[in-house]
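Okay, coords17.cif now, which holds mmCIF, C-alpha atoms and all ligand atoms:
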data_work
loop_
_atom_site.label_atom_id
_atom_site.label_comp_id
_atom_site.auth_asym_id
_atom_site.auth_seq_id
_atom_site.Cartn_x
_atom_site.Cartn_y
_atom_site.Cartn_z
CA MET A 42 0.00 0.00 0.00
CA GLU A 43 1.35 3.42 -0.93
CA THR A 44 1.96 5.93 1.89
CA LYS A 45 -0.40 8.87 1.56
CA ASN A 46 0.62 12.52 1.96
CA ILE A 47 4.38 12.19 1.48
CA GLY A 48 5.80 15.65 2.26
CA LEU A 49 2.34 16.80 3.45
CA ARG A 50 1.68 18.40 0.02
CA GLY A 51 -1.76 20.01 -0.03
CA ILE A 52 -2.62 18.81 3.48
CA GLU A 53 -4.31 21.48 5.63
CA VAL A 54 -2.78 21.51 9.10
CA ALA A 55 -3.73 24.87 10.68
CA ASP A 56 -5.64 28.10 10.14
CA THR A 57 -3.63 31.25 9.51
CA LYS A 58 -4.30 34.95 9.02
CA VAL A 59 -0.69 35.79 8.24
CA SER A 60 -0.47 35.26 4.48
CA ASN A 61 -1.88 33.47 1.49
CA ILE A 62 -0.50 32.19 -1.80
CA ASP A 63 -2.56 31.64 -4.92
CA GLY A 64 -0.24 29.27 -6.74
CA GLU A 65 -2.34 29.24 -9.91
CA LYS A 66 -2.56 33.02 -10.28
CA GLY A 67 0.92 33.74 -8.89
CA LYS A 68 -0.30 35.96 -6.05
CA LEU A 69 1.24 36.40 -2.62
CA ILE A 70 -0.80 38.26 -0.01
CA TYR A 71 0.50 39.42 3.40
CA ARG A 72 -2.40 40.01 5.83
CA GLY A 73 -4.71 40.95 2.94
CA TYR A 74 -2.20 43.13 1.03
CA ASP A 75 -0.69 42.15 -2.31
CA ILE A 76 3.09 41.78 -2.14
CA LEU A 77 3.43 43.83 -5.34
CA ASP A 78 1.68 46.79 -3.66
CA LEU A 79 3.89 46.42 -0.61
CA THR A 80 7.09 46.44 -2.66
CA LYS A 81 5.92 49.60 -4.43
CA ASN A 82 4.63 51.51 -1.41
CA SER A 83 5.87 50.02 1.85
CA THR A 84 9.13 49.48 3.72
CA TYR A 85 10.48 46.45 5.54
CA GLU A 86 9.63 47.95 8.92
CA GLU A 87 6.05 48.74 7.92
CA THR A 88 5.63 45.28 6.37
CA ALA A 89 7.07 43.69 9.51
CA TYR A 90 4.55 45.57 11.65
CA LEU A 91 1.74 44.44 9.34
CA LEU A 92 2.82 40.80 9.54
CA LEU A 93 3.03 40.86 13.31
CA HIS A 94 -0.09 42.91 14.07
CA ASP A 95 -2.59 42.20 11.28
CA ASN A 96 -2.90 45.84 10.20
CA LEU A 97 -0.79 48.59 8.71
CA PRO A 98 0.56 50.89 11.44
CA THR A 99 -0.49 54.49 12.02
CA LYS A 100 2.37 56.98 11.86
CA GLN A 101 2.74 56.88 15.64
CA GLN A 102 2.70 53.06 15.75
CA LEU A 103 5.32 52.89 13.00
CA ASP A 104 7.56 55.44 14.74
CA GLU A 105 7.36 53.50 18.01
CA PHE A 106 8.00 50.18 16.24
CA LYS A 107 11.04 51.60 14.42
CA THR A 108 12.43 53.05 17.66
CA LYS A 109 12.09 49.68 19.39
CA LEU A 110 13.79 47.93 16.45
CA LYS A 111 16.69 50.39 16.62
CA GLU A 112 17.05 49.98 20.39
CA ALA A 113 17.17 46.20 19.98
CA ARG A 114 20.05 46.19 17.45
CA PHE A 115 22.92 45.75 19.92
CA ILE A 116 24.01 42.22 20.83
CA PRO A 117 25.74 41.47 24.15
CA LYS A 118 29.53 41.92 24.24
CA GLN A 119 29.89 38.36 25.52
CA MET A 120 28.11 37.12 22.44
CA GLN A 121 30.57 38.98 20.21
CA ILE A 122 33.43 37.36 22.12
CA ASN A 123 31.86 33.93 21.74
CA MET A 124 31.41 34.53 18.02
CA GLY A 125 35.10 35.40 17.80
CA ASN A 126 35.92 31.93 19.10
CA TRP A 127 34.22 30.20 16.19
CA ARG A 128 36.12 28.85 13.18
CA LYS A 129 36.29 31.69 10.70
CA ASP A 130 35.24 29.41 7.84
CA ALA A 131 32.16 28.10 9.69
CA ASP A 132 28.97 28.18 7.65
CA PRO A 133 27.17 31.45 8.51
CA MET A 134 23.84 29.61 8.73
CA ASP A 135 25.24 27.27 11.41
CA MET A 136 26.61 30.28 13.26
CA LEU A 137 23.28 32.11 12.97
CA GLN A 138 21.32 29.11 14.21
CA ALA A 139 23.57 28.73 17.23
CA PHE A 140 23.54 32.41 18.19
CA VAL A 141 19.81 32.93 17.70
CA SER A 142 19.30 29.98 20.01
CA ALA A 143 21.83 31.52 22.43
CA LEU A 144 19.74 34.72 22.67
CA ALA A 145 17.58 32.83 25.16
CA GLY A 146 20.61 32.73 27.45
CA TYR A 147 20.83 36.53 27.49
CA TYR A 148 17.20 37.62 27.34
CA ASP A 149 14.07 36.58 29.09
CA GLU A 150 12.60 33.76 27.05
CA GLU A 151 9.27 33.79 28.94
CA PHE A 152 6.59 33.29 26.34
CA SER A 153 3.25 33.37 28.08
CA SER A 154 1.72 36.66 26.95
CA LYS A 155 1.04 37.89 23.44
CA GLU A 156 2.27 41.39 24.34
CA SER A 157 5.67 40.18 25.54
CA SER A 158 6.03 38.05 22.40
CA TYR A 159 5.99 41.19 20.25
CA ASP A 160 9.07 42.43 22.11
CA LYS A 161 10.76 39.08 21.53
CA ALA A 162 9.90 39.32 17.85
CA ILE A 163 11.51 42.78 17.71
CA ASN A 164 14.59 41.44 19.50
CA LEU A 165 14.83 38.60 16.99
CA ILE A 166 14.38 40.79 13.90
CA SER A 167 17.02 43.32 14.93
CA LYS A 168 19.54 40.94 16.41
CA THR A 169 19.42 38.44 13.54
CA ALA A 170 20.67 41.22 11.25
CA THR A 171 23.31 42.30 13.77
CA ILE A 172 24.56 38.73 14.28
CA ILE A 173 25.14 38.27 10.54
CA ALA A 174 26.76 41.66 9.95
CA SER A 175 28.98 41.18 13.03
CA TRP A 176 29.97 37.67 11.97
CA ASN A 177 30.97 38.93 8.54
CA ARG A 178 33.26 41.50 10.15
CA ILE A 179 34.70 39.03 12.69
CA ARG A 180 35.47 36.33 10.15
CA ASN A 181 37.31 38.87 7.98
CA GLY A 182 39.38 40.09 10.92
CA LEU A 183 37.60 43.48 10.96
CA GLU A 184 36.19 45.54 13.82
CA ILE A 185 32.48 45.10 14.46
CA ILE A 186 30.58 48.25 13.51
CA ASP A 187 27.98 49.60 15.91
CA PRO A 188 24.47 50.09 14.53
CA ASP A 189 23.58 53.58 13.29
CA PRO A 190 20.23 54.84 14.65
CA SER A 191 19.90 57.32 11.80
CA LEU A 192 19.51 54.40 9.37
CA ASP A 193 16.52 52.14 8.75
CA HIS A 194 16.74 48.36 8.93
CA ALA A 195 18.00 47.73 5.36
CA GLY A 196 20.46 50.63 5.35
CA ASN A 197 21.77 49.83 8.81
CA PHE A 198 22.48 46.21 7.88
CA LEU A 199 24.48 47.28 4.80
CA TYR A 200 26.30 49.88 6.92
CA MET A 201 27.21 47.31 9.58
CA MET A 202 28.47 44.96 6.86
CA PHE A 203 30.55 47.39 4.82
CA GLY A 204 31.25 50.32 7.15
CA GLU A 205 29.81 52.91 4.75
CA LYS A 206 26.34 54.38 4.52
CA PRO A 207 24.75 52.83 1.43
CA ASP A 208 23.77 54.64 -1.74
CA PRO A 209 20.00 55.36 -1.36
CA GLU A 210 19.18 53.43 -4.56
CA ILE A 211 21.04 50.35 -3.29
CA GLU A 212 19.36 50.70 0.12
CA LYS A 213 15.94 50.82 -1.55
CA ILE A 214 16.69 47.71 -3.64
CA PHE A 215 17.79 45.86 -0.53
CA ASP A 216 14.71 47.00 1.40
CA ILE A 217 12.48 45.60 -1.38
CA CYS A 218 14.38 42.29 -1.21
CA LEU A 219 13.66 42.15 2.52
CA ILE A 220 9.92 42.81 1.93
CA LEU A 221 9.81 40.05 -0.68
CA HIS A 222 11.43 37.43 1.54
CA ALA A 223 9.53 38.28 4.73
CA GLU A 224 6.77 35.68 4.62
CA HIS A 225 5.53 32.74 2.58
CA THR A 226 2.85 30.72 4.41
CA PHE A 227 3.71 27.17 5.44
CA ASN A 228 7.08 26.77 3.73
CA ALA A 229 9.48 24.30 5.36
CA SER A 230 11.11 26.70 7.83
CA THR A 231 7.87 28.40 8.89
CA PHE A 232 6.16 25.09 9.40
CA ILE A 233 9.10 23.95 11.53
CA ALA A 234 8.84 27.17 13.56
CA ARG A 235 5.15 26.52 14.17
CA GLN A 236 5.79 22.89 14.98
CA VAL A 237 8.36 23.82 17.63
CA ALA A 238 6.05 26.56 19.00
CA SER A 239 3.24 24.00 19.19
CA THR A 240 5.26 22.11 21.82
CA ARG A 241 5.26 25.38 23.87
CA ALA A 242 8.99 25.81 23.40
CA HIS A 243 10.00 29.51 23.40
CA MET A 244 10.39 31.82 20.43
CA TYR A 245 14.21 31.74 20.15
CA SER A 246 14.11 27.97 20.05
CA ALA A 247 11.43 27.92 17.35
CA ALA A 248 13.32 30.51 15.27
CA SER A 249 16.60 28.63 15.54
CA ALA A 250 14.92 25.42 14.34
CA ALA A 251 13.52 27.40 11.39
CA ILE A 252 17.03 28.62 10.52
CA GLY A 253 18.17 24.99 10.34
CA ALA A 254 15.36 24.21 7.90
CA LEU A 255 16.08 27.29 5.81
CA SER A 256 19.72 26.28 5.35
CA GLY A 257 18.92 23.32 3.07
CA GLU A 258 19.43 23.74 -0.68
CA LEU A 259 15.86 22.80 -1.53
CA HIS A 260 14.72 25.76 0.60
CA GLY A 261 16.70 28.95 1.38
CA GLY A 262 20.04 27.38 0.47
CA ALA A 263 19.03 27.49 -3.19
CA ASN A 264 20.11 31.13 -3.67
CA TYR A 265 23.70 30.22 -2.73
CA GLU A 266 23.61 27.29 -5.15
CA VAL A 267 22.24 29.56 -7.89
CA MET A 268 25.24 31.86 -7.59
CA ARG A 269 27.64 28.90 -7.64
CA MET A 270 25.91 27.75 -10.81
CA LEU A 271 26.20 31.20 -12.43
CA LEU A 272 29.91 31.43 -11.60
CA ASP A 273 30.47 27.91 -12.88
CA ILE A 274 28.72 28.77 -16.15
CA GLY A 275 30.56 32.10 -16.32
CA ASP A 276 29.60 33.06 -19.87
CA ILE A 277 26.28 33.46 -21.63
CA GLU A 278 27.46 31.21 -24.48
CA LYS A 279 27.93 28.34 -22.06
CA VAL A 280 24.45 28.46 -20.53
CA GLU A 281 22.67 26.17 -22.99
CA PRO A 282 25.16 23.26 -22.94
CA TRP A 283 25.51 23.54 -19.14
CA ILE A 284 21.77 23.42 -18.45
CA LYS A 285 21.10 20.72 -21.05
CA GLU A 286 23.79 18.45 -19.62
CA LYS A 287 22.47 18.80 -16.06
CA MET A 288 18.86 18.29 -17.01
CA GLU A 289 19.60 15.31 -19.22
CA LYS A 290 21.31 13.74 -16.18
CA GLY A 291 18.13 14.38 -14.16
CA GLU A 292 19.71 17.05 -11.97
CA ARG A 293 17.69 20.00 -10.68
CA ILE A 294 18.40 23.56 -11.73
CA MET A 295 18.50 25.68 -8.62
CA GLY A 296 16.22 28.73 -8.57
CA MET A 297 13.70 27.06 -10.87
CA GLY A 298 10.46 25.33 -9.89
CA HIS A 299 8.21 25.70 -6.90
CA ALA A 300 6.10 23.41 -4.77
CA VAL A 301 3.13 25.83 -4.79
CA TYR A 302 3.43 28.30 -7.70
CA LYS A 303 2.31 26.79 -10.95
CA THR A 304 3.03 30.07 -12.72
CA TYR A 305 5.56 32.90 -12.35
CA ASP A 306 6.49 33.49 -8.70
CA PRO A 307 5.52 37.18 -8.14
CA ARG A 308 8.67 37.70 -6.09
CA ALA A 309 10.82 36.50 -8.99
CA GLN A 310 9.12 39.06 -11.25
CA VAL A 311 10.16 41.94 -8.98
CA LEU A 312 13.65 40.58 -8.38
CA LYS A 313 14.19 40.05 -12.10
CA GLU A 314 13.45 43.72 -12.76
CA LEU A 315 15.70 44.85 -9.89
CA SER A 316 18.50 42.60 -11.12
CA ARG A 317 18.12 44.01 -14.66
CA LYS A 318 18.33 47.59 -13.35
CA LEU A 319 21.32 46.86 -11.14
CA ALA A 320 23.18 45.08 -13.96
CA GLU A 321 22.64 48.17 -16.11
CA LYS A 322 24.15 50.27 -13.33
CA THR A 323 27.15 47.99 -12.65
CA GLY A 324 27.70 46.65 -16.18
CA GLU A 325 27.96 43.08 -14.84
CA PRO A 326 26.88 40.06 -16.97
CA TRP A 327 24.90 38.20 -14.28
CA TYR A 328 21.43 39.38 -15.18
CA LYS A 329 21.75 38.26 -18.79
CA ILE A 330 23.27 34.90 -17.80
CA THR A 331 20.45 34.34 -15.30
CA GLU A 332 17.83 35.21 -17.88
CA LYS A 333 19.36 32.67 -20.26
CA VAL A 334 19.30 30.05 -17.48
CA GLU A 335 15.58 30.79 -17.09
CA THR A 336 14.70 30.47 -20.79
CA THR A 337 16.90 27.40 -21.35
CA THR A 338 15.47 25.56 -18.33
CA ILE A 339 11.92 26.34 -19.47
CA SER A 340 12.53 25.00 -22.97
CA GLU A 341 14.48 21.93 -21.79
CA MET A 342 11.74 21.08 -19.28
CA LYS A 343 9.16 21.23 -22.03
CA LYS A 344 11.31 19.06 -24.28
CA LEU A 345 12.28 16.46 -21.67
CA LYS A 346 9.11 16.22 -19.55
CA GLY A 347 6.45 18.17 -21.40
CA LYS A 348 6.01 20.31 -18.24
CA ASP A 349 6.08 24.00 -17.44
CA ILE A 350 8.60 25.40 -14.98
CA TYR A 351 9.13 28.97 -13.74
CA PRO A 352 11.79 30.84 -11.76
CA ASN A 353 11.37 31.05 -8.02
CA VAL A 354 12.50 33.75 -5.57
CA ASP A 355 16.07 32.46 -5.53
CA LEU A 356 16.91 32.70 -9.22
CA TYR A 357 17.30 36.46 -9.50
CA SER A 358 18.06 37.24 -5.85
CA ALA A 359 21.39 35.39 -6.19
CA SER A 360 22.87 37.69 -8.84
CA LEU A 361 21.22 40.71 -7.26
CA TYR A 362 23.02 40.10 -3.94
CA TYR A 363 26.25 39.37 -5.83
CA MET A 364 26.02 42.75 -7.54
CA LEU A 365 25.33 44.34 -4.12
CA LYS A 366 28.76 42.89 -3.15
CA ILE A 367 27.26 40.63 -0.54
CA PRO A 368 29.43 37.53 -0.01
CA MET A 369 27.72 34.53 -1.63
CA ASP A 370 27.52 32.49 1.53
CA LEU A 371 25.44 35.28 3.12
CA ASN A 372 22.63 34.90 0.56
CA THR A 373 20.76 32.43 2.74
CA PRO A 374 21.44 34.28 6.04
CA ILE A 375 19.99 37.41 4.40
CA PHE A 376 16.90 35.40 3.55
CA ALA A 377 16.75 34.60 7.29
CA ILE A 378 17.22 38.26 8.27
CA SER A 379 13.99 39.00 6.45
CA ARG A 380 12.00 35.78 7.01
CA VAL A 381 12.48 35.98 10.76
CA VAL A 382 9.45 38.30 10.96
CA GLY A 383 7.28 35.74 9.16
CA TRP A 384 8.47 33.06 11.57
CA ALA A 385 7.70 35.31 14.55
CA ALA A 386 4.21 36.13 13.24
CA HIS A 387 3.46 32.42 12.84
CA ILE A 388 4.96 31.48 16.19
CA ILE A 389 2.73 34.09 17.89
CA GLU A 390 -0.28 32.90 15.91
CA GLU A 391 0.43 29.27 16.74
CA LYS A 392 0.54 30.07 20.41
CA PHE A 393 -2.05 32.82 20.79
CA ALA A 394 -4.43 32.46 17.83
CA GLU A 395 -8.05 33.32 18.50
CA ALA A 396 -8.58 30.07 16.64
CA ALA A 397 -6.71 28.37 19.48
CA PRO A 398 -8.85 25.22 19.55
CA LYS A 399 -7.87 24.70 15.93
CA THR A 400 -4.15 24.55 16.68
CA ALA A 401 -2.64 21.57 18.43
CA LEU A 402 0.67 19.85 19.04
CA TYR A 403 1.68 18.56 15.58
CA ARG A 404 1.90 14.80 15.52
CA PRO A 405 1.61 13.27 12.06
CA LYS A 406 1.44 9.54 11.62
CA ALA A 407 4.33 7.57 10.16
CA VAL A 408 3.88 4.39 8.13
CA TYR A 409 6.26 1.77 9.49
CA VAL A 410 8.03 -0.12 6.70
CA GLY A 411 10.92 -1.48 8.81
CA LYS A 412 11.91 -4.93 10.05
CA TYR A 413 9.05 -7.22 10.99
CA CYS A 414 9.60 -10.62 12.63
CA GLY A 415 6.01 -11.41 13.55
CA PRO A 416 3.67 -10.07 16.25
CA GLU A 417 6.12 -10.88 19.10
CA GLY A 418 8.91 -8.78 17.57
CA CYS A 419 12.44 -9.93 16.69
CA GLU A 420 14.40 -12.13 19.05
CA TYR A 421 17.13 -10.14 20.83
CA LYS A 422 20.48 -11.92 20.46
CA THR A 423 23.36 -11.03 22.76
CA LEU A 424 26.53 -9.74 21.10
CA ASP A 425 28.33 -13.13 21.19
CA LEU A 426 25.50 -14.80 19.26
CA ARG A 427 25.36 -12.22 16.45
CA LYS A 428 27.08 -12.97 13.14
C1 LIG B 1 11.26 23.65 -5.20
C2 LIG B 1 11.11 22.20 -5.61
C3 LIG B 1 11.71 21.32 -4.49
C4 LIG B 1 9.65 21.86 -5.81
O1 LIG B 1 9.65 20.54 -6.18
P1 LIG B 1 8.36 19.74 -6.50
O2 LIG B 1 7.20 20.27 -5.78
O3 LIG B 1 8.73 18.33 -6.26
O4 LIG B 1 8.13 20.04 -8.00
P2 LIG B 1 7.25 19.18 -8.90
O5 LIG B 1 6.77 17.96 -8.22
O6 LIG B 1 6.17 20.02 -9.46
O7 LIG B 1 8.28 18.71 -10.01
C5 LIG B 1 7.79 18.23 -11.18
C6 LIG B 1 8.91 17.70 -12.01
O8 LIG B 1 9.78 18.76 -12.32
C7 LIG B 1 11.09 18.44 -11.97
N1 LIG B 1 11.71 19.63 -11.44
C8 LIG B 1 11.21 20.42 -10.46
N2 LIG B 1 12.06 21.40 -10.21
C9 LIG B 1 13.10 21.23 -11.05
C10 LIG B 1 14.29 21.94 -11.25
N3 LIG B 1 14.58 23.01 -10.51
N4 LIG B 1 15.14 21.51 -12.18
C11 LIG B 1 14.86 20.42 -12.92
N5 LIG B 1 13.75 19.70 -12.78
C12 LIG B 1 12.88 20.11 -11.84
C13 LIG B 1 10.99 17.38 -10.92
O9 LIG B 1 12.15 16.56 -10.92
C14 LIG B 1 9.77 16.65 -11.33
O10 LIG B 1 10.12 15.71 -12.34
P3 LIG B 1 9.40 14.27 -12.38
O11 LIG B 1 7.94 14.58 -12.55
O12 LIG B 1 10.03 13.60 -13.53
O13 LIG B 1 9.71 13.64 -11.07
C15 LIG B 1 11.85 21.92 -6.93
O14 LIG B 1 11.29 22.69 -7.97
C16 LIG B 1 13.34 22.15 -6.83
O15 LIG B 1 14.08 21.26 -6.39
N6 LIG B 1 13.84 23.34 -7.26
C17 LIG B 1 15.23 23.64 -7.16
C18 LIG B 1 15.58 24.10 -5.74
C19 LIG B 1 15.09 25.49 -5.46
O16 LIG B 1 15.25 26.40 -6.27
N7 LIG B 1 14.50 25.65 -4.28
C20 LIG B 1 13.99 26.93 -3.83
C21 LIG B 1 12.50 26.88 -3.75
S1 LIG B 1 11.82 28.45 -3.35
#

The structure in this file should be written as structure tokens.
Ligand SMILES: CC(C)(COP(=O)(O)OP(=O)(O)OC[C@H]1O[C@@H](n2cnc3c(N)ncnc32)[C@H](O)[C@@H]1OP(=O)(O)O)[C@@H](O)C(=O)NCCC(=O)NCCS
Amino acid sequence: METKNIGLRGIEVADTKVSNIDGEKGKLIYRGYDILDLTKNSTYEETAYLLLHDNLPTKQQLDEFKTKLKEARFIPKQMQINMGNWRKDADPMDMLQAFVSALAGYYDEEFSSKESSYDKAINLISKTATIIASWNRIRNGLEIIDPDPSLDHAGNFLYMMFGEKPDPEIEKIFDICLILHAEHTFNASTFIARQVASTRAHMYSAASAAIGALSGELHGGANYEVMRMLLDIGDIEKVEPWIKEKMEKGERIMGMGHAVYKTYDPRAQVLKELSRKLAEKTGEPWYKITEKVETTTISEMKKLKGKDIYPNVDLYSASLYYMLKIPMDLNTPIFAISRVVGWAAHIIEEKFAEAAPKTALYRPKAVYVGKYCGPEGCEYKTLDLRK
């Protein structure tokens, strides 16, 4: 008998008010608002408030929220020292997972009121960015840069990474990237965050589990793999043979395909345009190479499997970050810097939803296909009797 529901595809497991995807129409909605409107009109901070609170903030609410985010940017000195003791070539996602988890050792992890969870969410959002920027300085033997309260979230992160206030156009592009990555319903990392929260573990623990899930190449890790692919291809003339060879061998092309979107991922649309603009500004070849990867994969997929395939969020974000001079191995951590607000919104919803009776400790059923020696079980043989 075939196991049903492998990978839980299409299985409804909880109610949510945080976001919705229409995979057929290619729409992504955060708390009722279309992502395309948010990228045109909003900022990461405003979007973060919306995701956490279910409505757009008034001016006063936004000012207070931004002030709290700025105040939460510092990480403890001891944490910086501990980071300095890590191997400098450690994977930044492993480092991020460990230090987000460690936040519980410095801050109150009490998680019993909805109000106090908002402060924890703010702590997480601000400190995740600081941890990554600080780690990038530490591993390169550079001084950590203190946050700048005159800068917003996107600009401050770039400043803490590079030590210079960013060009406003670059800051805006990065802010849009953060809005686009902030939330995406029950993707692997968000589901993990909710699963951990459903056990009543605290928010730092749930977020650190989500970071582990995000690190895999079939999830957030794909944007790093996309950039490796682009560098390996190196030249627009080489795209076709490279993609054909991989696809004929049955390998997956990173940045293409999606478990939910059956049409163009709306985030990829925006990122494609940003990548095109940035390539025009910098004169780099990566946009054109990426576009050729897209068209070649689409035509090969049609030829080999008769199926449609579209770019996902990772295809164009990889070259975009590369052109922003962000080290490749920080592509996935930057995804985390943004997605942390989505995780926090879901963790709070899982724990405090008005629909509380509809959430429960997750406990799916496994189908046992292991050893079977009859109803009494297998006979235990002591070590000397085993061959
Ligand atoms: C995201 C992903 C895991 C979704 O996979 P999925 O839900 O299993 O996709 P589907 O079931 O619709 O795949 C249908 C077919 O397309 C193929 N396919 C899907 N994505 C592909 C890709 N990126 N490259 C080549 N073939 C791909 C599958 O192998 C499958 O072939 P089969 O029917 O012969 O088995 C998959 O598209 C993938 O691995 N993409 C690359 C990794 C990536 O970019 N991840 C980031 C996601 S945001």

Mind listing the residues within 10 Å of ligand LIG 1 (chain B), only C-alpha atoms and all ligand atoms counted, as a ChimeraX atom specification? /A:48,50,225,228-229,255,257-267,284,287-303,306,309,338-339,341-342,345-356

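Atom CA of A:Arg235 is found 5.4 Å from atom CA of A:Ile388.
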
What is the distance between atom CA of A:Phe152 and atom CA of A:His243, in Å to one decimal? 5.9 Å

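Among the candidate residues A:Ala254, A:Val382, A:Ala401, A:Leu110, the one lying nearest to A:Asp193 is A:Leu110, with distances computed using all atoms listed in the file.
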
Work out how far apart atom CA of A:Gly64 and atom CA of A:Ala223 are and give it in Å to one decimal. 17.6 Å

Compile the contact shell of stretch 196-204 of chain A as a JSON list (two decimals) with C-alpha atoms, in the frame of the given file: residues with an atom at most 6 Å away, counting all atoms listed in the file, same-chain residues fewer than 3 positions apart removed.
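Once everything was written out, this is out12.json:
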[["chain", "number", "residue", "atom", "x", "y", "z"],
["A", 174, "ALA", "CA", 26.76, 41.66, 9.95],
["A", 186, "ILE", "CA", 30.58, 48.25, 13.51],
["A", 192, "LEU", "CA", 19.51, 54.40, 9.37],
["A", 193, "ASP", "CA", 16.52, 52.14, 8.75],
["A", 212, "GLU", "CA", 19.36, 50.70, 0.12]]

Any idea what's packed within 12 Å of A:Asn164, counting all atoms listed in the file, ignoring anything in its chain fewer than 4 positions away? Could you give it as a PyMOL selection string? chain A and resi 106-116+141+144-145+147-150+157-160+168-172+244-245+248+378+381-382+385

Each side padded by 6 Å, which centre and which edge lengths in Å (one decimal) define the axis-aligned box around the listed atoms of stretch 315-324 of chain A? Give them as JSON.
{"center_x": 21.7, "center_y": 46.4, "center_z": -13.0, "size_x": 24.0, "size_y": 19.7, "size_z": 18.3}

I'd like the neighbourhood of A:His222 as a PDB file with C-alpha atoms, in the frame of the given file, where a residue qualifies if any of its atoms comes within 7 Å (using all atoms listed in the file), though same-chain residues fewer than 5 positions away should be ignored.
ATOM      1  CA  PHE A 376      16.900  35.400   3.550  1.00  0.00           C
ATOM      2  CA  SER A 379      13.990  39.000   6.450  1.00  0.00           C
ATOM      3  CA  ARG A 380      12.000  35.780   7.010  1.00  0.00           C
TER       4      ARG A 380
END

List as an NGL selection string the protein and nucleic acid residues near A:Lys58, meaning an atom at most 12 Å away when only C-alpha atoms are counted, but skip any in the same chain fewer than 5 places from it. :A and (70-74 or 91-96 or 224-227 or 383 or 386-387 or 389-391 or 394-396)

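Distances here use only C-alpha atoms; by that measure, the residue among A:Gln236, A:Asp56, A:Pro98, A:Lys155 closest to A:Pro405 is A:Gln236.
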